[in-house]
Every structure is written in structure tokens, then in C-alpha cells.
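One structure is given here, and the rest of the page talks about it.
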Amino acid sequence: MYDFLYDLPHTHFAINALCFSEDGRVLASGDDEGYVRLFDFPLGKELRRLRVVTAVTSLLWHPNKPDVIFIGGARGNVIVMNLHVKARGFSLRTGVNAPVDTLAYDACNGCFAVGVGTDIVLFNHPEDPWTFGSNLPPPPIASMDDNKLLLPLPRALKFIDNGRSLIAVYFEHGIVSWLIKSLQPEGTIWPKSTHIGGACFSADGKTVVVSNLFDGFDCYNISNGRHLTNLPTPIIHNVPLPSLFIEGGKSILCGSSCGYALLYSGSTKSVLQTHPLEHDIIQTLAYCESEARFIATASSEADLDNYVRIWRASASERQVTNVTASQKITDSSRSRWSIGIYVMLIFLVVVFVWVGCSGINVAQTGVERKLLEGLQFSHHLASRAFEALVPSSIFAWRWVKTMFSSLASTMGFHGFNMAWNLGRQDLEEQQELVKDEKHADKRQRNNTQAIEMSAEATSGGSVFYSVSGAQANENEDQHHEGVGPVFCKKLAI
């Protein structure tokens, strides 16, 4: 929604054109008296007043040069004015003595289109005072009527496809797409209404809104010519009405002849707000979006105190916009912190798994050095990931990062060393138990062998070289400890 801000006083002459500069700092208005008034925006102070020979019928700021403005007059003259040069500017030669109803400029190729009378004149170098234009041929007509002369009156112009094509909206010849290189028609859209009073284009050049001079406005898709919707508007005087895409194409602002400016939603095509004015006809609109969103509407009644009314987006709209922006920032920071927390948890899980595995398998597999290097590398990657996900300039993050690094290092490295020592101690105990079992088995075998040899010697009366069980065990222990060879005793039975 928009709230009334203030009025810019004007004269008793009808205001025909309004246009904001590209940076939104200057608002230009043109009237039937031949004056172009420049207002400092949003302060509303009149900066300068330019006087041309005839009534001003159209205005257009240069898209690449913010100090240059094109002024269309009622006698076919187009004045190119540089506001920072004291000279009066120069006029482009259209060769037609008729009002200049519409202007368009191609920022890519520097081509300038002028809709004057029944012609569309193209200038390749509009900044050159000696340049000459080329005229587009007459557009195709739907049917021939010998009793009626159809004049191709251009109402709106728009360059699309990087200057490759020019969309021209005519009063009775529909919507024609022209190829700039060959100057031939590419396609034609025949609207539902037989007449078009005015038109506006979306920023991408895909949608056009036309005043049907019957019940309001019609929206068309330029690519396929399909009729999208109708925007009903009360009609009191059958005059061309302006329309304008605003808020990035989300809404459509329409003038009327009953004292209202209607704001339609671009998605639902419903009336969002009506802007009442004191006079009947609103024939020109302007919109800019810099620090806030502004709408300019002008009255066009002769012999009355005409003015330009300025509207600004309401405080709730601005607050919603600011809240939305701050919410996006907050959501973004929250998502970064959540990702950081997930990385921290994953890293801790990996550390604990490695610590647990190291207590069982480190000493047995002999890969403790590799695990230690892997743990160090994982800690390094986690630190790098945190630094990339969360801005390091935040003091809280620095504190958390330091604490986490210390905790991870302490738990990771010390826990790993503790587990490694425990694993080595358990392995040594197991090895000792295995040795004791082996010694016990050998002692038992030696005792058994000694008993068998003694029994055989007693029965046969022979001389045997043998040892007793205790002596064999003692010799076995000495051999195991590296004392030397074992000597047996000579037994005579």
C-alpha cells in the first residue's frame, strides 16, 4: 500500500508526461505550456525549469547517461538536452509535423525510436545533432475497408532481445514486432478491442498492458499473443489511459478518467488500492524504487490548478520489506550455524569411534601412527570448514572455535594416547599369560617323559641317559632364559 506524501505545484496547463531519472534523484514533468520542470527527489524542490518551443508530449531519460533527457514536442521535434551543459541542446529531425507520442531507447545498440504521428523513426546515433533517421514501413492491417481510412498511429514502443526487435503498439493496427535489421514485421497480435489508447511493457518485454478504450485494460503475452486477463476500470471520458508495471512486475498501476489511480496485483489481478485525486483525468504516471518505493501521478485538466501528487510505500510495507531482508540474513546465519553444529557433531562422533577402535586394534595392527595422522588431518579439515561456514569476524565464533579446538585436541589426542597405552598394557598381559601356559605344558610333558623313561630302565636293567622331571623343568627354564646347554646324568640300573 502507498500513502500520500505531498503535492508538487504546477500550472493551469495539462501535465502530459512524468519520468524519473535512472538513479531516482530527479523527477521531470512536461506540460502543454512547453515547460519541463525538474524536481529534486524525494525533497520535492524544483531544481530547474526548461522551456521548449511547443507543448511537451513525452519524456525519456537516457539509460546510460543520467544527465541527458529526451523531450518530445507537439510538432514532431525531439530535443536532446544535457543538464550539465549550458547549451540549449539540439533537435533530432523526424521530418513529421505531428505530436511525439512515445519514445524508446536501446541501451545495448544505442538505437533510438520515436513514435511521431503515423511514423516510427529510428536513429542510430541520437547524440549526434547531424544524424538522420530511417522510417519503419506501414504495419499490416487486419482487413481492408474502402469506406474507412486506418491510420497507423503508434502508441507505445519497446526494444526486446537485446535490440534485435522492436515491439510497436498501434491505435488500430494491433501489436507488431519489427526486426530492426531488415525493417520487416516479425509477427502481429490482434487485440480483442479494435482500438488501443495506450500501453506499457513489463521489464523483460514478455507482457504488455493496453488501454482498450472500452472497459479498462487488457494484458497480453507477447510471445504467443494470448490474452491473459482484463483489468476493469471505470470509464467516464473516452480518453487514452496510462498504465505502468511497478515493484518488479508484481503490480500494475493504472490511470483513470474518474479521479482514481488503481493499483492491481500482478498475480491475482485484483484491486489493491485506489488513489483518489481531486480532478478527473489521470493521463500520466511514474514510478521509482531507490531508498523506498514512490509513485507519481499527475492531473491533466485544462484551466485548473494541476499538480503532481507523490505517494510513498506505507510504513508497514517498508517494515515488512526490512523485516523480510533481515529475516533472510538471520535465516542465512542460522543455517550457517546449524551446518557448523552438524560438522562439530560429526567430527566428535568420528573422534570417539576412532578412540574406541584404537583401544582394541591399535596395538594389535600396528597402525597407531596412521590413525594419529588421520586424526590430525580431520581436525585440520574441521577447523577449515568452520572458518568457511561462519564469518571469523564474529567474536562469539572465535570463542567457540577456540574452545572447540582445545576440547577436540584434548579429547582426541589425549584420549587416543590413553587408549593406545591401555591397548598395549592389555596385549602385554595376554602375552604373559600365553607364556605361562606354554611353560606349564612343557613341564607336564617333561614330567611324563621322565616317568616313562624311569619305568623302562627299571624293567630292562640298561643304562640310560635321562633326567628327572624337576631337573628337566629346571633345565628348560634355564634354556629359555639363555643360560646354556643342558647336561644329563648317567644312570646305572
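Each chain in the C-alpha cells gets a letter, A, B and so on, in the order shown; residues start at 1 in every chain, and ligands are counted from 1 in the order they appear.
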* **DSSP strand (DSSP E) selection over region 84-256 of chain A, as a ChimeraX atom specification** => /A:90-92,100-106,111-116,119-123,134-135,154-160,165-170,175-179,184-189,199-201,207-211,216-221,227-232,243-246,251-254
Leaving out Cys254 (chain A) and any residue of its chain fewer than 2 positions from it, which residues lie within 12 Å of it when counting only C-alpha atoms, given as an mmCIF file with N, CA, C and O atoms, in the first residue's frame?
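The new file selection32.cif reads:
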```
data_model
loop_
_atom_site.group_PDB
_atom_site.id
_atom_site.type_symbol
_atom_site.label_atom_id
_atom_site.label_comp_id
_atom_site.auth_asym_id
_atom_site.auth_seq_id
_atom_site.Cartn_x
_atom_site.Cartn_y
_atom_site.Cartn_z
ATOM 1 N N GLY A 198 -3.423 3.373 -25.071
ATOM 2 C CA GLY A 198 -2.074 3.474 -24.508
ATOM 3 C C GLY A 198 -1.601 2.095 -24.113
ATOM 4 O O GLY A 198 -2.377 1.133 -24.085
ATOM 5 N N ALA A 199 -0.330 1.973 -23.810
ATOM 6 C CA ALA A 199 0.218 0.657 -23.476
ATOM 7 C C ALA A 199 1.469 0.822 -22.634
ATOM 8 O O ALA A 199 2.118 1.873 -22.636
ATOM 9 N N CYS A 200 1.813 -0.242 -21.921
ATOM 10 C CA CYS A 200 3.068 -0.317 -21.183
ATOM 11 C C CYS A 200 3.577 -1.749 -21.249
ATOM 12 O O CYS A 200 2.799 -2.688 -21.472
ATOM 13 N N VAL A 209 0.419 -4.421 -21.411
ATOM 14 C CA VAL A 209 -0.899 -3.997 -20.924
ATOM 15 C C VAL A 209 -1.357 -2.837 -21.789
ATOM 16 O O VAL A 209 -0.633 -1.844 -21.942
ATOM 17 N N VAL A 210 -2.549 -2.955 -22.378
ATOM 18 C CA VAL A 210 -3.065 -1.932 -23.289
ATOM 19 C C VAL A 210 -4.372 -1.383 -22.752
ATOM 20 O O VAL A 210 -5.162 -2.098 -22.109
ATOM 21 N N SER A 211 -4.603 -0.110 -22.998
ATOM 22 C CA SER A 211 -5.870 0.530 -22.678
ATOM 23 C C SER A 211 -6.821 0.295 -23.854
ATOM 24 O O SER A 211 -6.559 0.734 -24.975
ATOM 25 N N GLY A 216 -11.464 -0.728 -19.678
ATOM 26 C CA GLY A 216 -10.269 -0.742 -18.849
ATOM 27 C C GLY A 216 -9.035 -1.155 -19.612
ATOM 28 O O GLY A 216 -8.703 -0.560 -20.655
ATOM 29 N N PHE A 217 -8.370 -2.207 -19.128
ATOM 30 C CA PHE A 217 -7.081 -2.614 -19.677
ATOM 31 C C PHE A 217 -7.099 -4.124 -19.943
ATOM 32 O O PHE A 217 -7.778 -4.885 -19.254
ATOM 33 N N ASP A 218 -6.308 -4.527 -20.948
ATOM 34 C CA ASP A 218 -6.131 -5.930 -21.299
ATOM 35 C C ASP A 218 -4.653 -6.274 -21.254
ATOM 36 O O ASP A 218 -3.806 -5.471 -21.679
ATOM 37 N N LEU A 231 -8.326 -5.954 -16.810
ATOM 38 C CA LEU A 231 -8.297 -5.115 -15.612
ATOM 39 C C LEU A 231 -9.392 -4.065 -15.754
ATOM 40 O O LEU A 231 -9.204 -3.047 -16.434
ATOM 41 N N PRO A 232 -10.554 -4.275 -15.161
ATOM 42 C CA PRO A 232 -11.664 -3.328 -15.360
ATOM 43 C C PRO A 232 -11.396 -1.993 -14.684
ATOM 44 O O PRO A 232 -10.883 -1.934 -13.560
ATOM 45 N N THR A 233 -11.735 -0.937 -15.373
ATOM 46 C CA THR A 233 -11.551 0.426 -14.874
ATOM 47 C C THR A 233 -12.765 1.258 -15.268
ATOM 48 O O THR A 233 -13.199 1.198 -16.427
ATOM 49 N N PRO A 234 -13.336 2.020 -14.353
ATOM 50 C CA PRO A 234 -14.485 2.872 -14.718
ATOM 51 C C PRO A 234 -14.103 3.889 -15.788
ATOM 52 O O PRO A 234 -13.052 4.538 -15.716
ATOM 53 N N PRO A 240 -7.295 8.089 -23.894
ATOM 54 C CA PRO A 240 -6.226 7.108 -23.618
ATOM 55 C C PRO A 240 -5.779 7.190 -22.164
ATOM 56 O O PRO A 240 -5.555 8.278 -21.626
ATOM 57 N N LEU A 241 -5.643 6.047 -21.531
ATOM 58 C CA LEU A 241 -5.273 5.985 -20.121
ATOM 59 C C LEU A 241 -3.900 5.327 -19.977
ATOM 60 O O LEU A 241 -3.572 4.399 -20.716
ATOM 61 N N PRO A 242 -3.107 5.777 -19.010
ATOM 62 C CA PRO A 242 -1.769 5.213 -18.828
ATOM 63 C C PRO A 242 -1.797 3.987 -17.928
ATOM 64 O O PRO A 242 -2.724 3.777 -17.130
ATOM 65 N N SER A 243 -0.778 3.192 -18.032
ATOM 66 C CA SER A 243 -0.567 2.043 -17.148
ATOM 67 C C SER A 243 0.933 1.866 -16.966
ATOM 68 O O SER A 243 1.737 2.349 -17.774
ATOM 69 N N LEU A 244 1.314 1.138 -15.903
ATOM 70 C CA LEU A 244 2.731 1.043 -15.556
ATOM 71 C C LEU A 244 2.966 -0.202 -14.716
ATOM 72 O O LEU A 244 2.231 -0.458 -13.749
ATOM 73 N N PHE A 245 3.972 -1.000 -15.086
ATOM 74 C CA PHE A 245 4.419 -2.114 -14.245
ATOM 75 C C PHE A 245 5.321 -1.560 -13.142
ATOM 76 O O PHE A 245 6.271 -0.818 -13.421
ATOM 77 N N ILE A 246 5.033 -1.922 -11.902
ATOM 78 C CA ILE A 246 5.822 -1.452 -10.768
ATOM 79 C C ILE A 246 6.188 -2.640 -9.894
ATOM 80 O O ILE A 246 5.676 -3.752 -10.070
ATOM 81 N N SER A 251 3.048 -5.712 -9.533
ATOM 82 C CA SER A 251 1.818 -4.930 -9.504
ATOM 83 C C SER A 251 1.737 -4.082 -10.761
ATOM 84 O O SER A 251 2.746 -3.821 -11.427
ATOM 85 N N ILE A 252 0.505 -3.662 -11.070
ATOM 86 C CA ILE A 252 0.250 -2.833 -12.247
ATOM 87 C C ILE A 252 -0.516 -1.605 -11.784
ATOM 88 O O ILE A 252 -1.567 -1.719 -11.136
ATOM 89 N N SER A 256 -7.027 6.568 -14.689
ATOM 90 C CA SER A 256 -8.459 6.517 -14.984
ATOM 91 C C SER A 256 -8.936 7.916 -15.339
ATOM 92 O O SER A 256 -8.203 8.902 -15.203
ATOM 93 N N SER A 257 -10.187 7.969 -15.783
ATOM 94 C CA SER A 257 -10.807 9.253 -16.100
ATOM 95 C C SER A 257 -11.832 9.646 -15.053
ATOM 96 O O SER A 257 -12.638 10.558 -15.300
ATOM 97 N N CYS A 258 -11.806 8.995 -13.898
ATOM 98 C CA CYS A 258 -12.784 9.291 -12.849
ATOM 99 C C CYS A 258 -12.123 9.714 -11.547
ATOM 100 O O CYS A 258 -12.739 9.629 -10.483
ATOM 101 N N GLY A 259 -10.853 10.128 -11.610
ATOM 102 C CA GLY A 259 -10.208 10.659 -10.421
ATOM 103 C C GLY A 259 -9.522 9.633 -9.555
ATOM 104 O O GLY A 259 -9.244 9.924 -8.381
ATOM 105 N N TYR A 260 -9.226 8.446 -10.065
ATOM 106 C CA TYR A 260 -8.569 7.413 -9.276
ATOM 107 C C TYR A 260 -7.399 6.823 -10.049
ATOM 108 O O TYR A 260 -7.452 6.677 -11.271
ATOM 109 N N ALA A 261 -6.358 6.491 -9.302
ATOM 110 C CA ALA A 261 -5.275 5.663 -9.828
ATOM 111 C C ALA A 261 -5.404 4.308 -9.166
ATOM 112 O O ALA A 261 -5.386 4.196 -7.940
ATOM 113 N N LEU A 262 -5.549 3.274 -9.977
ATOM 114 C CA LEU A 262 -5.838 1.926 -9.470
ATOM 115 C C LEU A 262 -4.565 1.101 -9.453
ATOM 116 O O LEU A 262 -3.809 1.090 -10.432
ATOM 117 N N LEU A 263 -4.356 0.396 -8.351
ATOM 118 C CA LEU A 263 -3.197 -0.470 -8.190
ATOM 119 C C LEU A 263 -3.682 -1.910 -8.194
ATOM 120 O O LEU A 263 -4.423 -2.331 -7.309
ATOM 121 N N TYR A 264 -3.268 -2.671 -9.221
ATOM 122 C CA TYR A 264 -3.680 -4.064 -9.363
ATOM 123 C C TYR A 264 -2.528 -4.977 -8.965
ATOM 124 O O TYR A 264 -1.367 -4.678 -9.231
ATOM 125 N N SER A 265 -2.903 -6.105 -8.380
ATOM 126 C CA SER A 265 -1.917 -7.134 -8.082
ATOM 127 C C SER A 265 -1.597 -7.885 -9.362
ATOM 128 O O SER A 265 -2.489 -8.291 -10.107
ATOM 129 N N GLY A 266 -0.302 -8.085 -9.630
ATOM 130 C CA GLY A 266 0.090 -8.749 -10.860
ATOM 131 C C GLY A 266 -0.269 -10.211 -10.881
ATOM 132 O O GLY A 266 -0.435 -10.799 -11.947
ATOM 133 N N LYS A 269 -4.618 -10.047 -10.112
ATOM 134 C CA LYS A 269 -5.321 -9.057 -10.927
ATOM 135 C C LYS A 269 -6.499 -8.435 -10.173
ATOM 136 O O LYS A 269 -7.522 -8.102 -10.742
ATOM 137 N N VAL A 271 -7.833 -5.383 -7.345
ATOM 138 C CA VAL A 271 -7.505 -4.013 -6.973
ATOM 139 C C VAL A 271 -6.941 -4.012 -5.559
ATOM 140 O O VAL A 271 -7.612 -4.411 -4.602
ATOM 141 N N LEU A 272 -5.701 -3.573 -5.429
ATOM 142 C CA LEU A 272 -5.080 -3.488 -4.111
ATOM 143 C C LEU A 272 -5.395 -2.168 -3.427
ATOM 144 O O LEU A 272 -5.588 -2.122 -2.217
ATOM 145 N N GLN A 273 -5.435 -1.083 -4.204
ATOM 146 C CA GLN A 273 -5.614 0.226 -3.595
ATOM 147 C C GLN A 273 -6.062 1.203 -4.666
ATOM 148 O O GLN A 273 -5.700 1.081 -5.845
ATOM 149 N N THR A 274 -6.855 2.185 -4.278
ATOM 150 C CA THR A 274 -7.248 3.285 -5.157
ATOM 151 C C THR A 274 -6.670 4.573 -4.595
ATOM 152 O O THR A 274 -6.721 4.813 -3.385
ATOM 153 N N HIS A 275 -6.129 5.390 -5.474
ATOM 154 C CA HIS A 275 -5.522 6.659 -5.071
ATOM 155 C C HIS A 275 -6.412 7.799 -5.576
ATOM 156 O O HIS A 275 -6.372 8.143 -6.758
ATOM 157 N N ILE A 281 -9.176 13.366 -14.848
ATOM 158 C CA ILE A 281 -8.364 12.563 -15.752
ATOM 159 C C ILE A 281 -6.938 12.453 -15.229
ATOM 160 O O ILE A 281 -6.303 13.451 -14.893
ATOM 161 N N ILE A 282 -6.448 11.237 -15.171
ATOM 162 C CA ILE A 282 -5.058 10.963 -14.807
ATOM 163 C C ILE A 282 -4.421 10.304 -16.018
ATOM 164 O O ILE A 282 -4.654 9.130 -16.289
ATOM 165 N N GLN A 283 -3.622 11.056 -16.764
ATOM 166 C CA GLN A 283 -3.095 10.586 -18.038
ATOM 167 C C GLN A 283 -1.596 10.308 -18.017
ATOM 168 O O GLN A 283 -1.037 9.965 -19.044
ATOM 169 N N THR A 284 -0.958 10.433 -16.884
ATOM 170 C CA THR A 284 0.467 10.118 -16.827
ATOM 171 C C THR A 284 0.837 9.618 -15.436
ATOM 172 O O THR A 284 0.275 10.083 -14.420
ATOM 173 N N LEU A 285 1.749 8.645 -15.401
ATOM 174 C CA LEU A 285 2.199 8.013 -14.169
ATOM 175 C C LEU A 285 3.707 7.845 -14.217
ATOM 176 O O LEU A 285 4.314 7.812 -15.286
ATOM 177 N N ALA A 286 4.316 7.705 -13.032
ATOM 178 C CA ALA A 286 5.754 7.423 -12.935
ATOM 179 C C ALA A 286 5.999 6.644 -11.653
ATOM 180 O O ALA A 286 5.233 6.739 -10.685
ATOM 181 N N TYR A 287 7.088 5.879 -11.658
ATOM 182 C CA TYR A 287 7.431 5.034 -10.517
ATOM 183 C C TYR A 287 8.937 4.950 -10.393
ATOM 184 O O TYR A 287 9.663 4.908 -11.394
ATOM 185 N N ILE A 295 5.432 6.586 -6.066
ATOM 186 C CA ILE A 295 4.548 6.709 -7.219
ATOM 187 C C ILE A 295 4.250 8.183 -7.434
ATOM 188 O O ILE A 295 3.998 8.919 -6.466
ATOM 189 N N ALA A 296 4.295 8.609 -8.689
ATOM 190 C CA ALA A 296 3.939 9.979 -9.052
ATOM 191 C C ALA A 296 2.764 9.936 -10.009
ATOM 192 O O ALA A 296 2.808 9.231 -11.023
ATOM 193 N N THR A 297 1.686 10.651 -9.685
ATOM 194 C CA THR A 297 0.508 10.767 -10.543
ATOM 195 C C THR A 297 0.257 12.235 -10.822
ATOM 196 O O THR A 297 0.504 13.086 -9.965
#
```
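The smallest atom-to-atom distance between Val100 (chain A) and any of A:Ile141, A:Ile235, A:Val78, A:Cys19, using only C-alpha atoms, is found for A:Val78.
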* Which neighbours of region 221-229 of chain A fall inside 10 Å, counting only C-alpha atoms, when residues of the same chain fewer than 2 positions from it are skipped, and could you give them as a list in words? -> Ile167, Ile175, Val176, Ser177, Gly187, Thr188, Ile189, Trp190, Pro191, Lys192, Phe201, Gly205, Lys206, Thr207, Val208, Val209, Phe217, Asp218, Cys219, Leu231, Pro232, Thr268 and Lys269 of chain A
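Taking only C-alpha atoms into account, Tyr105 (chain A) lies nearest to A:Val121 out of the set A:Ile236, A:Leu27, A:Val56, A:Val121.
Compared by their closest atoms to Ser21 (chain A), and using only C-alpha atoms, the residues A:Val68, A:Leu50, A:Ala55, A:Ala313 rank with A:Val68 nearest.
Between CA of Asp23 (chain A) and CA of Gly197 (chain A) the separation is 29.4 Å.
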* **Contacts of Gly89 (chain A) within 7 Å, only C-alpha atoms, excl. fewer than 6 positions in-chain, as a list in words** => Ile79, Val80, Met81 and Asn82 of chain A
Writer output for current selection, all heavy atoms, as an mmCIF file, in the first residue's frame:
```cif
data_model
loop_
_atom_site.group_PDB
_atom_site.id
_atom_site.type_symbol
_atom_site.label_atom_id
_atom_site.label_comp_id
_atom_site.auth_asym_id
_atom_site.auth_seq_id
_atom_site.Cartn_x
_atom_site.Cartn_y
_atom_site.Cartn_z
ATOM 1 N N ILE A 79 14.021 17.043 -28.625
ATOM 2 C CA ILE A 79 15.153 17.818 -28.126
ATOM 3 C C ILE A 79 15.986 16.931 -27.216
ATOM 4 O O ILE A 79 15.463 16.296 -26.288
ATOM 5 C CB ILE A 79 14.678 19.070 -27.375
ATOM 6 C CG1 ILE A 79 13.863 19.966 -28.305
ATOM 7 C CG2 ILE A 79 15.859 19.837 -26.809
ATOM 8 C CD1 ILE A 79 13.254 21.155 -27.614
ATOM 9 N N VAL A 80 17.292 16.892 -27.487
ATOM 10 C CA VAL A 80 18.240 16.152 -26.659
ATOM 11 C C VAL A 80 18.936 17.175 -25.769
ATOM 12 O O VAL A 80 19.674 18.040 -26.255
ATOM 13 C CB VAL A 80 19.252 15.383 -27.520
ATOM 14 C CG1 VAL A 80 20.188 14.582 -26.631
ATOM 15 C CG2 VAL A 80 18.532 14.474 -28.501
ATOM 16 N N MET A 81 18.704 17.084 -24.464
ATOM 17 C CA MET A 81 19.184 18.094 -23.522
ATOM 18 C C MET A 81 20.132 17.457 -22.509
ATOM 19 O O MET A 81 19.802 16.442 -21.886
ATOM 20 C CB MET A 81 18.006 18.721 -22.788
ATOM 21 C CG MET A 81 18.389 19.840 -21.839
ATOM 22 S SD MET A 81 18.862 21.350 -22.708
ATOM 23 C CE MET A 81 17.291 21.820 -23.421
ATOM 24 N N ASN A 82 21.326 18.060 -22.382
ATOM 25 C CA ASN A 82 22.276 17.676 -21.351
ATOM 26 C C ASN A 82 22.176 18.695 -20.227
ATOM 27 O O ASN A 82 22.464 19.884 -20.423
ATOM 28 C CB ASN A 82 23.700 17.615 -21.904
ATOM 29 C CG ASN A 82 24.671 16.936 -20.954
ATOM 30 O OD1 ASN A 82 24.514 16.997 -19.739
ATOM 31 N ND2 ASN A 82 25.680 16.277 -21.512
#
```
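Compared by their closest atoms to Thr102 (chain A), and using only C-alpha atoms, the residues A:Leu136, A:Leu253, A:Ala168, A:Val52 rank with A:Ala168 nearest.
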